[in-house]
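Asks: Next up, my_file_11.cif (mmCIF, C-alpha atoms).
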```
data_final
loop_
_atom_site.label_atom_id
_atom_site.label_comp_id
_atom_site.auth_asym_id
_atom_site.auth_seq_id
_atom_site.Cartn_x
_atom_site.Cartn_y
_atom_site.Cartn_z
CA MET A 1 2.63 -1.92 -18.87
CA ARG A 2 -0.83 -2.79 -17.61
CA LEU A 3 -3.04 -0.04 -16.21
CA SER A 4 -3.05 -1.50 -12.69
CA SER A 5 0.76 -1.75 -12.73
CA PHE A 6 0.92 1.86 -13.90
CA LEU A 7 -1.34 2.82 -10.96
CA LEU A 8 1.01 1.09 -8.51
CA LEU A 9 4.04 2.81 -10.00
CA SER A 10 2.34 6.23 -10.04
CA ALA A 11 1.31 5.89 -6.39
CA LEU A 12 4.88 4.96 -5.47
CA ILE A 13 6.28 7.95 -7.35
CA VAL A 14 3.76 10.26 -5.63
CA THR A 15 4.79 8.74 -2.29
CA SER A 16 8.47 9.36 -3.08
CA ILE A 17 7.77 12.96 -4.10
CA ILE A 18 5.84 13.58 -0.86
CA PHE A 19 8.71 12.18 1.22
CA TRP A 20 11.30 14.17 -0.78
CA LEU A 21 9.39 17.44 -0.49
CA PHE A 22 8.51 17.02 3.18
CA PRO A 23 11.23 14.92 4.78
CA ALA A 24 10.64 13.80 8.36
CA SER A 25 7.18 15.35 8.31
CA ILE A 26 4.43 13.61 10.25
CA LYS A 27 1.78 15.12 8.00
CA ALA A 28 3.59 13.60 4.98
CA VAL A 29 3.18 10.18 6.62
CA GLY A 30 -0.51 11.01 7.05
CA PHE A 31 -0.97 11.85 3.37
CA VAL A 32 0.94 8.74 2.23
CA THR A 33 -1.14 6.54 4.53
CA LEU A 34 -4.32 8.15 3.22
CA LEU A 35 -3.26 7.45 -0.39
CA TRP A 36 -2.39 3.79 0.19
CA SER A 37 -5.45 3.19 2.40
CA PHE A 38 -7.74 4.34 -0.41
CA LEU A 39 -5.85 2.16 -2.90
CA MET A 40 -6.13 -0.78 -0.50
CA LEU A 41 -9.86 -0.23 -0.05
CA SER A 42 -10.42 -0.17 -3.81
CA SER A 43 -8.28 -3.30 -4.18
CA LEU A 44 -10.31 -4.98 -1.45
CA GLY A 45 -13.49 -4.30 -3.42
CA ASN A 46 -12.01 -6.04 -6.47
CA LEU A 47 -10.69 -8.86 -4.33
CA ILE A 48 -14.09 -9.57 -2.78
CA GLY A 49 -15.58 -9.92 -6.26
CA ILE A 50 -12.80 -12.26 -7.39
CA LEU A 51 -13.04 -14.30 -4.20
CA GLU A 52 -16.77 -14.64 -4.66
CA LYS A 53 -16.51 -15.69 -8.30
CA ASN A 54 -13.76 -18.19 -7.57
CA SER A 55 -15.75 -19.62 -4.70
CA ALA A 56 -18.81 -19.95 -6.90
CA HIS A 57 -16.69 -21.38 -9.71
CA PHE A 58 -15.00 -24.04 -7.58
CA SER A 59 -17.83 -25.02 -5.27
CA GLY A 60 -20.94 -23.92 -7.11
CA ILE A 61 -22.06 -22.06 -4.00
CA SER A 62 -22.42 -18.29 -3.87
CA TYR A 63 -22.10 -16.31 -0.66
CA LEU A 64 -23.19 -13.01 -2.15
CA PRO A 65 -26.78 -12.06 -2.98
CA SER A 66 -27.67 -12.40 -6.63
CA ARG A 67 -28.19 -8.63 -6.80
CA ILE A 68 -24.49 -8.00 -6.06
CA LEU A 69 -23.45 -10.79 -8.40
CA GLY A 70 -25.53 -9.15 -11.09
CA ALA A 71 -23.67 -5.91 -10.56
CA MET A 72 -20.46 -7.81 -11.10
CA SER A 73 -21.68 -9.37 -14.32
CA HIS A 74 -19.62 -7.00 -16.45
CA GLN A 75 -16.59 -8.90 -15.29
CA LYS A 76 -17.91 -12.30 -16.23
CA HIS A 77 -16.12 -12.37 -19.53
CA LYS A 78 -12.83 -12.04 -17.74
CA THR A 79 -10.80 -14.86 -16.30
CA HIS A 80 -11.30 -15.76 -12.68
CA LYS A 81 -8.00 -14.08 -11.77
CA ALA A 82 -7.22 -16.84 -9.31
CA HIS A 83 -3.61 -15.66 -9.14
CA LEU A 84 -4.77 -12.64 -7.11
CA LEU A 85 -5.70 -15.03 -4.32
CA ASN A 86 -1.96 -15.51 -3.82
CA ILE A 87 -2.19 -12.87 -1.09
CA PHE A 88 -3.85 -15.57 1.04
CA ARG A 89 -0.84 -17.86 0.73
CA ALA A 90 1.01 -18.80 3.90
CA PRO A 91 4.22 -16.70 3.43
CA VAL A 92 2.22 -13.50 2.81
CA ALA A 93 -0.21 -14.19 5.66
CA LEU A 94 2.70 -14.93 8.03
CA TYR A 95 4.62 -11.87 6.85
CA LEU A 96 1.61 -9.64 7.56
CA SER A 97 0.97 -11.41 10.89
CA CYS A 98 4.57 -10.66 11.93
CA GLY A 99 3.95 -6.98 11.11
CA LEU A 100 0.77 -6.94 13.20
CA ALA A 101 2.51 -8.78 16.05
CA TYR A 102 5.30 -6.19 15.94
CA ILE A 103 2.75 -3.36 16.15
CA ALA A 104 1.08 -5.03 19.15
CA TRP A 105 4.43 -5.66 20.85
CA GLY A 106 5.68 -2.13 20.13
CA LEU A 107 2.51 -0.59 21.55
CA TYR A 108 2.78 -2.74 24.67
CA ILE A 109 6.41 -1.72 25.19
CA THR A 110 5.66 1.95 24.46
CA LEU A 111 2.76 2.15 26.89
CA ASN A 112 4.84 0.42 29.58
CA SER A 113 7.95 2.46 28.90
CA ASN A 114 10.30 3.53 31.67
CA ILE A 115 10.99 6.78 29.80
CA PRO A 116 8.68 8.92 31.98
CA GLU A 117 10.86 8.15 35.02
CA THR A 118 13.97 9.10 33.04
CA LEU A 119 12.35 12.34 31.96
CA GLN A 120 11.17 13.01 35.49
CA GLY A 121 14.78 12.78 36.62
CA ILE A 122 15.94 15.13 33.89
CA LEU A 123 13.25 17.68 34.65
CA SER A 124 13.93 17.50 38.40
CA ASN A 125 17.62 18.15 37.73
CA THR A 126 16.74 21.34 35.91
CA GLN A 127 14.81 22.47 38.99
CA ILE A 128 11.58 22.84 37.15
CA LEU A 129 8.78 22.10 39.53
CA LEU A 130 5.77 21.15 37.51
CA ASP A 131 2.46 20.05 38.95
CA GLU A 132 1.48 16.40 39.36
CA ASP A 133 -0.60 16.36 36.19
CA THR A 134 2.35 17.43 34.06
CA MET A 135 4.61 14.81 35.55
CA SER A 136 2.15 11.97 35.05
CA VAL A 137 2.86 9.24 32.52
CA ARG A 138 -0.05 10.39 30.40
CA ALA A 139 1.38 13.88 30.13
CA ILE A 140 4.71 12.46 28.96
CA ILE A 141 3.15 10.00 26.49
CA ASP A 142 0.63 12.42 24.96
CA PRO A 143 3.14 14.80 23.35
CA TYR A 144 4.44 11.91 21.29
CA ALA A 145 1.07 10.47 20.25
CA HIS A 146 1.57 11.76 16.72
CA THR A 147 4.93 10.02 16.48
CA TYR A 148 3.54 6.68 17.68
CA ILE A 149 0.63 6.87 15.26
CA ALA A 150 2.97 7.86 12.41
CA HIS A 151 5.14 4.84 13.27
CA ILE A 152 2.14 2.48 13.14
CA CYS A 153 0.94 4.14 9.90
CA MET A 154 4.31 3.47 8.24
CA LEU A 155 4.15 -0.21 9.23
CA ILE A 156 0.56 -0.60 8.02
CA THR A 157 1.36 1.26 4.79
CA THR A 158 4.27 -1.13 4.16
CA GLY A 159 1.84 -4.04 4.54
CA PHE A 160 -0.66 -2.37 2.20
CA ILE A 161 2.04 -1.71 -0.41
CA PHE A 162 3.10 -5.35 -0.19
CA ILE A 163 -0.47 -6.56 -0.77
CA ILE A 164 -1.20 -4.02 -3.52
CA GLY A 165 2.13 -4.93 -5.16
CA ILE A 166 1.01 -8.55 -5.32
CA LEU A 167 -2.48 -7.65 -6.55
CA LYS A 168 -1.25 -5.35 -9.31
CA THR A 169 1.27 -7.84 -10.69
CA ALA A 170 0.38 -10.61 -13.08
CA PRO A 171 2.09 -13.93 -12.29
CA SER A 172 4.72 -15.26 -14.65
CA GLU A 173 3.69 -12.82 -17.34
CA ASN A 174 5.82 -10.20 -18.93
CA ASN A 175 6.31 -7.82 -16.00
CA LYS A 176 9.65 -6.56 -17.24
CA ALA A 177 8.53 -2.92 -17.61
CA LEU A 178 7.02 -2.78 -14.11
CA LEU A 179 9.92 -4.62 -12.48
CA THR A 180 12.50 -2.45 -14.26
CA ALA A 181 10.71 0.74 -13.19
CA LEU A 182 10.38 -0.46 -9.59
CA ALA A 183 14.01 -1.61 -9.48
CA GLY A 184 15.07 1.78 -10.88
CA LEU A 185 13.03 3.59 -8.23
CA PHE A 186 14.47 1.40 -5.47
CA ILE A 187 18.08 1.85 -6.61
CA THR A 188 17.53 5.62 -6.89
CA HIS A 189 16.27 5.75 -3.29
CA TRP A 190 19.07 3.49 -2.09
CA THR A 191 21.69 5.69 -3.73
CA ALA A 192 20.00 8.85 -2.37
CA ALA A 193 20.03 7.35 1.13
CA LEU A 194 23.68 6.38 0.72
CA ILE A 195 24.65 9.89 -0.38
CA SER A 196 22.38 11.91 1.92
CA SER A 197 22.93 9.98 5.14
CA LEU A 198 26.47 9.40 6.16
CA PRO A 199 26.70 5.69 6.93
CA ILE A 200 27.37 5.17 10.60
CA GLU A 201 31.02 4.47 11.32
CA ASN A 202 30.99 0.99 12.76
CA PRO A 203 27.48 -0.47 12.58
CA ILE A 204 28.35 -3.88 14.01
CA ALA A 205 30.15 -2.38 17.00
CA SER A 206 27.31 0.06 17.59
CA LEU A 207 24.93 -2.89 17.79
CA SER A 208 26.85 -4.48 20.63
CA THR A 209 27.50 -1.38 22.71
CA PHE A 210 24.04 -0.86 24.06
CA GLN A 211 21.82 -2.93 26.26
CA ASP A 212 18.45 -4.34 25.40
CA ILE A 213 16.50 -1.57 27.10
CA HIS A 214 13.32 -1.62 24.92
CA THR A 215 11.96 1.72 26.03
CA GLY A 216 9.22 2.09 23.40
CA TRP A 217 8.87 3.89 20.10
CA HIS A 218 10.41 7.30 19.59
CA THR A 219 12.70 6.90 22.59
CA ALA A 220 16.01 6.28 20.77
CA GLU A 221 16.08 9.90 19.61
CA LEU A 222 15.04 11.02 23.09
CA LEU A 223 17.73 8.94 24.80
CA ALA A 224 20.35 10.08 22.30
CA SER A 225 19.45 13.71 23.04
CA LEU A 226 19.77 12.94 26.75
CA GLN A 227 23.08 11.20 25.97
CA THR A 228 22.27 8.10 27.97
CA ASN A 229 24.81 5.67 26.51
CA ILE A 230 23.38 5.99 23.02
CA SER A 231 25.31 7.54 20.20
CA THR A 232 23.59 10.33 18.31
CA SER A 233 24.23 8.39 15.09
CA TYR A 234 22.54 5.01 15.05
CA SER A 235 21.10 2.71 12.42
CA LEU A 236 17.47 1.70 11.94
CA LEU A 237 18.23 -1.77 13.32
CA THR A 238 19.87 -0.26 16.40
CA GLN A 239 16.88 2.02 16.85
CA ARG A 240 14.49 -0.94 16.66
CA ILE A 241 16.49 -2.91 19.22
CA ILE A 242 16.57 0.08 21.57
CA GLU A 243 12.88 0.77 21.21
CA ALA A 244 11.29 -2.67 20.82
CA GLY A 245 14.02 -4.88 22.25
CA TRP A 246 15.48 -8.01 20.69
CA VAL A 247 12.10 -9.76 20.90
CA GLY A 248 10.30 -7.05 18.94
CA THR A 249 13.09 -6.85 16.37
CA PHE A 250 13.05 -10.63 15.96
CA ILE A 251 9.27 -10.58 15.42
CA LEU A 252 9.62 -7.90 12.73
CA TYR A 253 12.49 -9.59 10.90
CA THR A 254 10.84 -13.02 11.06
CA GLY A 255 8.44 -11.83 8.35
CA ALA A 256 11.39 -11.07 6.06
CA LEU A 257 13.01 -14.41 6.96
CA LEU A 258 9.85 -16.25 5.92
CA LEU A 259 9.91 -14.51 2.56
CA ILE A 260 13.61 -15.32 2.16
CA SER A 261 12.88 -19.01 2.77
CA SER A 262 10.03 -18.80 0.26
CA PHE A 263 12.34 -17.34 -2.41
CA LEU A 264 15.08 -19.87 -1.61
CA ARG A 265 12.57 -22.68 -2.07
CA ARG A 266 11.63 -21.29 -5.48
CA ILE A 267 15.28 -21.02 -6.52
CA SER A 268 16.03 -24.58 -5.46
CA ARG A 269 12.93 -26.07 -7.10
CA LYS A 270 13.76 -27.88 -10.32
CA SER A 271 10.54 -26.88 -12.03
CA THR A 272 11.29 -23.16 -11.61
CA GLU A 273 11.95 -21.50 -14.94
CA ALA A 274 15.26 -19.72 -15.48
CA HIS A 275 13.80 -16.21 -15.61
CA ASN A 276 11.81 -16.80 -12.42
CA ARG A 277 14.97 -18.04 -10.72
CA PHE A 278 16.64 -14.82 -11.84
CA TYR A 279 13.76 -12.77 -10.37
CA ALA A 280 13.94 -14.70 -7.08
CA ILE A 281 17.67 -13.92 -6.87
CA GLY A 282 16.76 -10.28 -7.56
CA ALA A 283 14.30 -10.37 -4.66
CA LEU A 284 16.96 -11.79 -2.33
CA THR A 285 19.33 -9.04 -3.49
CA THR A 286 16.66 -6.41 -2.74
CA LEU A 287 16.12 -7.88 0.72
CA SER A 288 19.89 -7.82 1.31
CA MET A 289 20.06 -4.17 0.24
CA LEU A 290 17.21 -3.33 2.63
CA LEU A 291 19.07 -5.12 5.41
CA ILE A 292 22.27 -3.20 4.59
CA ALA A 293 20.26 0.04 4.73
CA ASP A 294 18.87 -1.05 8.12
CA ILE A 295 22.31 -1.81 9.52
CA ALA A 296 24.61 0.74 7.90
CA PHE A 297 22.57 3.88 7.19
CA SER A 298 21.75 6.48 9.78
CA ALA A 299 18.18 6.10 11.10
CA GLN A 300 17.71 9.88 10.82
CA SER A 301 18.09 9.78 7.03
CA ALA A 302 15.07 11.38 5.33
CA ALA A 303 15.46 9.03 2.34
CA LEU A 304 14.76 5.87 4.36
CA PRO A 305 10.91 5.85 4.35
CA ALA A 306 10.72 6.06 0.53
CA LEU A 307 13.53 3.49 0.24
CA TRP A 308 11.69 1.15 2.61
CA LEU A 309 8.35 1.42 0.76
CA SER A 310 9.76 1.11 -2.76
CA GLY A 311 11.85 -1.89 -1.66
CA TRP A 312 8.83 -3.77 -0.34
CA ALA A 313 6.80 -2.93 -3.46
CA LEU A 314 9.58 -4.43 -5.60
CA ILE A 315 9.79 -7.54 -3.41
CA ALA A 316 5.98 -7.99 -3.61
CA CYS A 317 6.05 -7.80 -7.41
CA LEU A 318 8.96 -10.24 -7.59
CA TRP A 319 7.17 -12.60 -5.22
CA GLN A 320 4.02 -12.56 -7.34
CA THR A 321 5.99 -12.95 -10.59
CA THR A 322 7.86 -15.99 -9.30
CA THR A 323 4.78 -17.65 -7.76
CA PRO A 324 4.01 -20.79 -9.74
CA ILE A 325 0.55 -20.78 -11.31
CA LYS A 326 -1.76 -23.37 -9.84
CA GLN A 327 -3.60 -25.56 -12.31
CA LYS A 328 -7.32 -24.84 -12.32
CA ARG A 329 -9.25 -27.52 -10.55
CA SER A 330 -12.36 -28.92 -12.06
CA ASN A 331 -15.65 -28.43 -10.24
CA THR A 332 -15.25 -30.02 -6.84
CA ASN A 333 -18.88 -30.56 -6.12
CA MET B 1 -18.45 -23.12 4.29
CA HIS B 2 -15.06 -24.29 3.11
CA ASN B 3 -12.25 -23.74 5.62
CA ALA B 4 -10.04 -21.95 3.10
CA HIS B 5 -12.91 -19.66 2.20
CA LYS B 6 -13.54 -18.89 5.87
CA TRP B 7 -9.87 -18.06 6.31
CA ARG B 8 -9.97 -15.73 3.32
CA LEU B 9 -13.03 -13.94 4.63
CA VAL B 10 -11.36 -13.44 8.02
CA SER B 11 -8.30 -12.03 6.24
CA LEU B 12 -10.47 -9.70 4.20
CA TYR B 13 -12.26 -8.44 7.31
CA THR B 14 -8.88 -7.90 9.01
CA LEU B 15 -7.63 -5.95 6.00
CA PHE B 16 -10.81 -3.90 5.93
CA PHE B 17 -10.50 -2.94 9.61
CA LEU B 18 -6.82 -2.14 9.07
CA CYS B 19 -7.86 0.16 6.21
CA VAL B 20 -10.35 1.93 8.45
CA ALA B 21 -7.76 2.23 11.25
CA ALA B 22 -5.14 3.55 8.82
CA LEU B 23 -7.56 6.09 7.33
CA THR B 24 -8.55 7.34 10.78
CA SER B 25 -4.91 7.57 11.88
CA ALA B 26 -3.95 9.38 8.67
CA LEU B 27 -6.70 11.94 9.19
CA TYR B 28 -5.58 12.40 12.81
CA LEU B 29 -2.01 13.06 11.65
CA ILE B 30 -3.15 15.52 8.98
CA VAL B 31 -5.82 17.42 10.92
CA PHE B 32 -4.45 17.74 14.47
CA GLU B 33 -1.42 19.77 15.44
CA THR B 34 1.66 17.93 16.61
CA ALA B 35 2.98 18.42 20.12
CA ASP B 36 5.89 20.46 18.76
CA GLN B 37 3.51 22.83 17.01
CA ARG B 38 1.38 23.20 20.14
CA ALA B 39 4.50 23.79 22.22
CA ALA B 40 5.73 26.47 19.83
CA TRP B 41 2.30 28.13 19.85
CA SER B 42 2.21 28.13 23.68
CA TYR B 43 5.74 29.54 23.82
CA GLU B 44 4.76 32.34 21.42
CA THR B 45 1.72 33.09 23.58
CA GLY B 46 3.93 33.30 26.67
CA ASN B 47 6.30 35.65 24.83
CA ALA B 48 3.37 37.82 23.78
CA TYR B 49 2.29 38.21 27.44
CA MET B 50 5.86 39.08 28.46
CA ASP B 51 6.16 41.66 25.65
CA PHE B 52 2.85 43.13 26.74
CA LEU B 53 4.17 43.45 30.30
CA LYS B 54 7.35 45.19 29.15
CA GLU B 55 5.55 47.58 26.84
CA SER B 56 2.84 48.55 29.35
CA PRO B 57 4.44 50.27 32.35
CA ASP B 58 1.11 51.76 33.48
CA LEU B 59 -0.46 48.43 34.44
CA SER B 60 -1.77 48.00 37.98
CA LEU B 61 -0.12 45.38 40.21
CA GLN B 62 -3.11 43.07 39.80
CA GLU B 63 -2.95 43.36 36.01
CA GLN B 64 0.77 42.67 36.06
CA GLN B 65 0.17 39.56 38.16
CA GLN B 66 -2.56 38.35 35.84
CA ALA B 67 -0.37 38.80 32.77
CA THR B 68 2.57 37.07 34.50
CA HIS B 69 0.29 34.22 35.54
CA SER B 70 -0.95 33.81 31.96
CA ALA B 71 2.62 33.85 30.63
CA TYR B 72 3.59 31.23 33.22
CA ASN B 73 0.71 28.97 32.17
CA ALA B 74 1.63 29.36 28.51
CA TYR B 75 5.30 28.50 29.13
CA ARG B 76 4.24 25.56 31.32
CA ASP B 77 2.10 24.22 28.47
CA ALA B 78 5.07 24.60 26.13
CA VAL B 79 7.23 22.52 28.50
CA ARG B 80 4.41 20.01 28.87
CA TYR B 81 4.24 19.46 25.11
CA ALA B 82 8.00 19.52 24.53
CA PRO B 83 9.67 18.54 27.83
CA LEU B 84 13.19 18.42 26.40
CA GLU B 85 13.22 21.78 24.62
CA SER B 86 15.62 23.86 26.70
CA THR B 87 14.33 27.19 25.34
CA TYR B 88 10.90 26.52 26.82
CA ARG B 89 12.34 25.25 30.09
CA ASP B 90 14.57 28.32 30.43
CA ALA B 91 11.61 30.60 29.79
CA LEU B 92 9.63 28.79 32.49
CA ASN B 93 12.55 28.91 34.92
CA ASN B 94 13.00 32.64 34.41
CA ILE B 95 9.44 33.63 35.16
CA GLN B 96 7.88 34.32 38.55
CA LYS B 97 5.62 31.49 39.70
CA PRO B 98 2.02 32.34 40.65
CA GLU B 99 2.57 31.20 44.26
CA GLN B 100 5.38 33.71 44.59
CA PHE B 101 2.95 36.61 44.13
CA LYS B 102 2.22 38.45 47.31
#
```
Give the structure from the file, written as C-alpha cells.
Replies:
Amino acid sequence: MRLSSFLLLSALIVTSIIFWLFPASIKAVGFVTLLWSFLMLSSLGNLIGILEKNSAHFSGISYLPSRILGAMSHQKHKTHKAHLLNIFRAPVALYLSCGLAYIAWGLYITLNSNIPETLQGILSNTQILLDEDTMSVRAIIDPYAHTYIAHICMLITTGFIFIIGILKTAPSENNKALLTALAGLFITHWTAALISSLPIENPIASLSTFQDIHTGWHTAELLASLQTNISTSYSLLTQRIIEAGWVGTFILYTGALLLISSFLRRISRKSTEAHNRFYAIGALTTLSMLLIADIAFSAQSAALPALWLSGWALIACLWQTTTPIKQKRSNTN
Amino acid sequence: MHNAHKWRLVSLYTLFFLCVAALTSALYLIVFETADQRAAWSYETGNAYMDFLKESPDLSLQEQQQATHSAYNAYRDAVRYAPLESTYRDALNNIQKPEQFK
C-alpha cells in the first residue's frame, strides 16, 4: 500500500474511533472536521504544485514565480501526476456543487424556519411568560447554532473525504489493498449500524405519512419530541425531507445520481477493462448500501456518521480507480 | 490563460476557502460550549441560589429577594438555551418572579 493511501486509511480509522468513542458528540464532529481540513489543506498544497507543473508542461507557460518553482524542483524527477487532476472532472465538480447548493438551501430554510412560532406556542401553553428578547427568533435559533454548524461541517467533511480519496488513489493501478481495507471498514460500519440501530419498521410508509414541511436543520428531532405528526423513529432520508424539503433532498441526491450515471457509463463502455467494470459495480453496490442505510436505518443511530464517511471514501477510491487514463498530449504551443 | 486552467484555479480557491471555513467552524465547535452545556450550567447556578436561600434562614428580606431574583435569571437563561427541557421550565415556573416582589 502506498504511503498516501495508508494516510487516508489511518485518518478514516481515527475518524471512526472518534465517532465510536464519542457518539452524537458535537465536539467529535469538530475534531473530525479539524483533521480532514488539515489533510485537505496539505493536499491542496500538493495539488497546486501538480497543477502548475502540468500547466507549464502542456502550455509552456508558468503562472508561479520561478522562486516557488525552484522550491518544487525536488519533485521534477517524478511524473506529472496528471491523474490527480481528475478532481476537476465534471462529475466530481457537479457532485461537490450539489453539496454546496444543499448547504446554501439548508441554511436558507433554517434561517427562515417556522419553528420559532411552533415553539412560541408550546412555551405559551406551559404558561411560561418570558420577555420579548427570549421569544425572538434569534433567541430560538442561537441555542442550536452548534448543531447547524456541526451539520455543515459533516457535509463539508464528506466533500473533503471524497476529494482526498481521489487524490490518494492511483488510477488503474493495483489498489487492491486500499480498496479491500476501505470496503472492510465500510462493511464493518454498515453491520454496526444495522445491529446498533433498530431499522425503522416501515420506511416506505413513513416517507409518505408526513408533509413536506421543510422546517430547517435540527427540527425533525424537535418536532418528534413535540409529537407533531412525526414518529420518534425516522430514517435519515425522512429527516432530510422534513428539514430541507423535497427540493433540498433532491439537490443533495442529485450529486449521487451524477456519480451513478458516471459509473454506469464506465460499465457500459466497451473499452473498460474487466476489473474496472467489477470495481464500478462495487461502487454502485456501495451507493445502494448507503441509500438503504438512508432509508431503513434510524437517523438517531450513532454509527451513521462513520458509515457515511467511510462509504464516500470507498466510492471516491473506486471512482479514481475506474477513471480511464488520458493519453498525454504533446506540447500544445 | 487557458479556460480549463482558469476553472481549476477557481476550484482551488473555492476549496481553500472551504478549508478555512471548515477549520474555523471546527474550532468553534471544539472551543465554545454548546447550548445544552450552558443551559445545564445556568440550571445548576439557579439551584445553588435556591439551596443558599434554604440554608440561610437569617437573610434579610432584601437579601432573600436578591437571591430569588438571581435564581430566576439563572433558570430563565437555562430555558432560553434549552426551551424544550421540562426540568428547566418547571424550575422557572415554580419560582417567584421579580415583579411579584413587594
Asks: Dump as number ranges by chain the residues of chain B that approach chain A to within 10 Å, counting all atoms listed in the file.
Replies: B: 1-2, 4-5, 7-9, 11-13, 15-16, 18-36, 38-39, 76-77, 79-84, 86, 89-90, 92-93, 97
Asks: May I ask for the distance between CA of Ala299 in chain A and CA of Ser235 in chain A, given in Å to one decimal place?
Replies: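 Interatomic distance here is 4.7 Å.
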Asks: Measuring between only C-alpha atoms, which one of A:Arg277, A:Lys176, A:Arg240, A:His151 shows the shortest distance to Asp294 in chain A?
Replies: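 Going through A:Arg277, A:Lys176, A:Arg240, A:His151 one by one, the smallest distance to Asp294 in chain A is for A:Arg240.
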Asks: Between CA of Ala170 in chain A and CA of Leu284 in chain A, what is the distance in Å, rounded to a tenth?
Replies: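 Atom-to-atom, CA of Ala170 in chain A and CA of Leu284 in chain A are spaced 19.8 Å apart.
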Asks: Mind giving me the straight-line distance from CA of Glu63 in chain B to CA of Asn47 in chain B in Å, one decimal?
Replies: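 It comes out at 16.4 Å.
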Asks: Which residues come within 9 Å of range 263-265 of chain A, counting only C-alpha atoms, excluding same-chain residues fewer than 6 positions away, as a PyMOL selection string?
Replies: chain A and resi 277+280-281+283-284+319+322
Asks: Name the closest residue to Leu237 in chain A among the candidates A:Asn112, A:Ser298, A:Thr321, A:Thr215; distances are taken between atoms, counting only C-alpha atoms.
Replies: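 Result for the nearest residue to Leu237 in chain A: A:Ser298.
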Asks: Decode the PyMOL selection byres ((chain A and resi 174) around 12) for the given file into explicit residues and return them as a short mmCIF file (atom, residue, chain, number, x, y, z; two decimals) with C-alpha atoms, in the frame of the given file.
Replies:
```cif
data_model
loop_
_atom_site.label_atom_id
_atom_site.label_comp_id
_atom_site.auth_asym_id
_atom_site.auth_seq_id
_atom_site.Cartn_x
_atom_site.Cartn_y
_atom_site.Cartn_z
CA MET A 1 2.63 -1.92 -18.87
CA ARG A 2 -0.83 -2.79 -17.61
CA SER A 5 0.76 -1.75 -12.73
CA THR A 169 1.27 -7.84 -10.69
CA ALA A 170 0.38 -10.61 -13.08
CA PRO A 171 2.09 -13.93 -12.29
CA SER A 172 4.72 -15.26 -14.65
CA GLU A 173 3.69 -12.82 -17.34
CA ASN A 175 6.31 -7.82 -16.00
CA LYS A 176 9.65 -6.56 -17.24
CA ALA A 177 8.53 -2.92 -17.61
CA LEU A 178 7.02 -2.78 -14.11
CA LEU A 179 9.92 -4.62 -12.48
CA THR A 180 12.50 -2.45 -14.26
CA HIS A 275 13.80 -16.21 -15.61
CA ASN A 276 11.81 -16.80 -12.42
CA TYR A 279 13.76 -12.77 -10.37
CA CYS A 317 6.05 -7.80 -7.41
CA LEU A 318 8.96 -10.24 -7.59
CA GLN A 320 4.02 -12.56 -7.34
CA THR A 321 5.99 -12.95 -10.59
CA THR A 322 7.86 -15.99 -9.30
#
```
Asks: Just give me the residues with any atom within 10 Å of (15.1, 3.4, 9.2), file coordinates, counting only C-alpha atoms, written as a ChimeraX atom specification.
Replies: /A:234-240,290,293-305,307-308
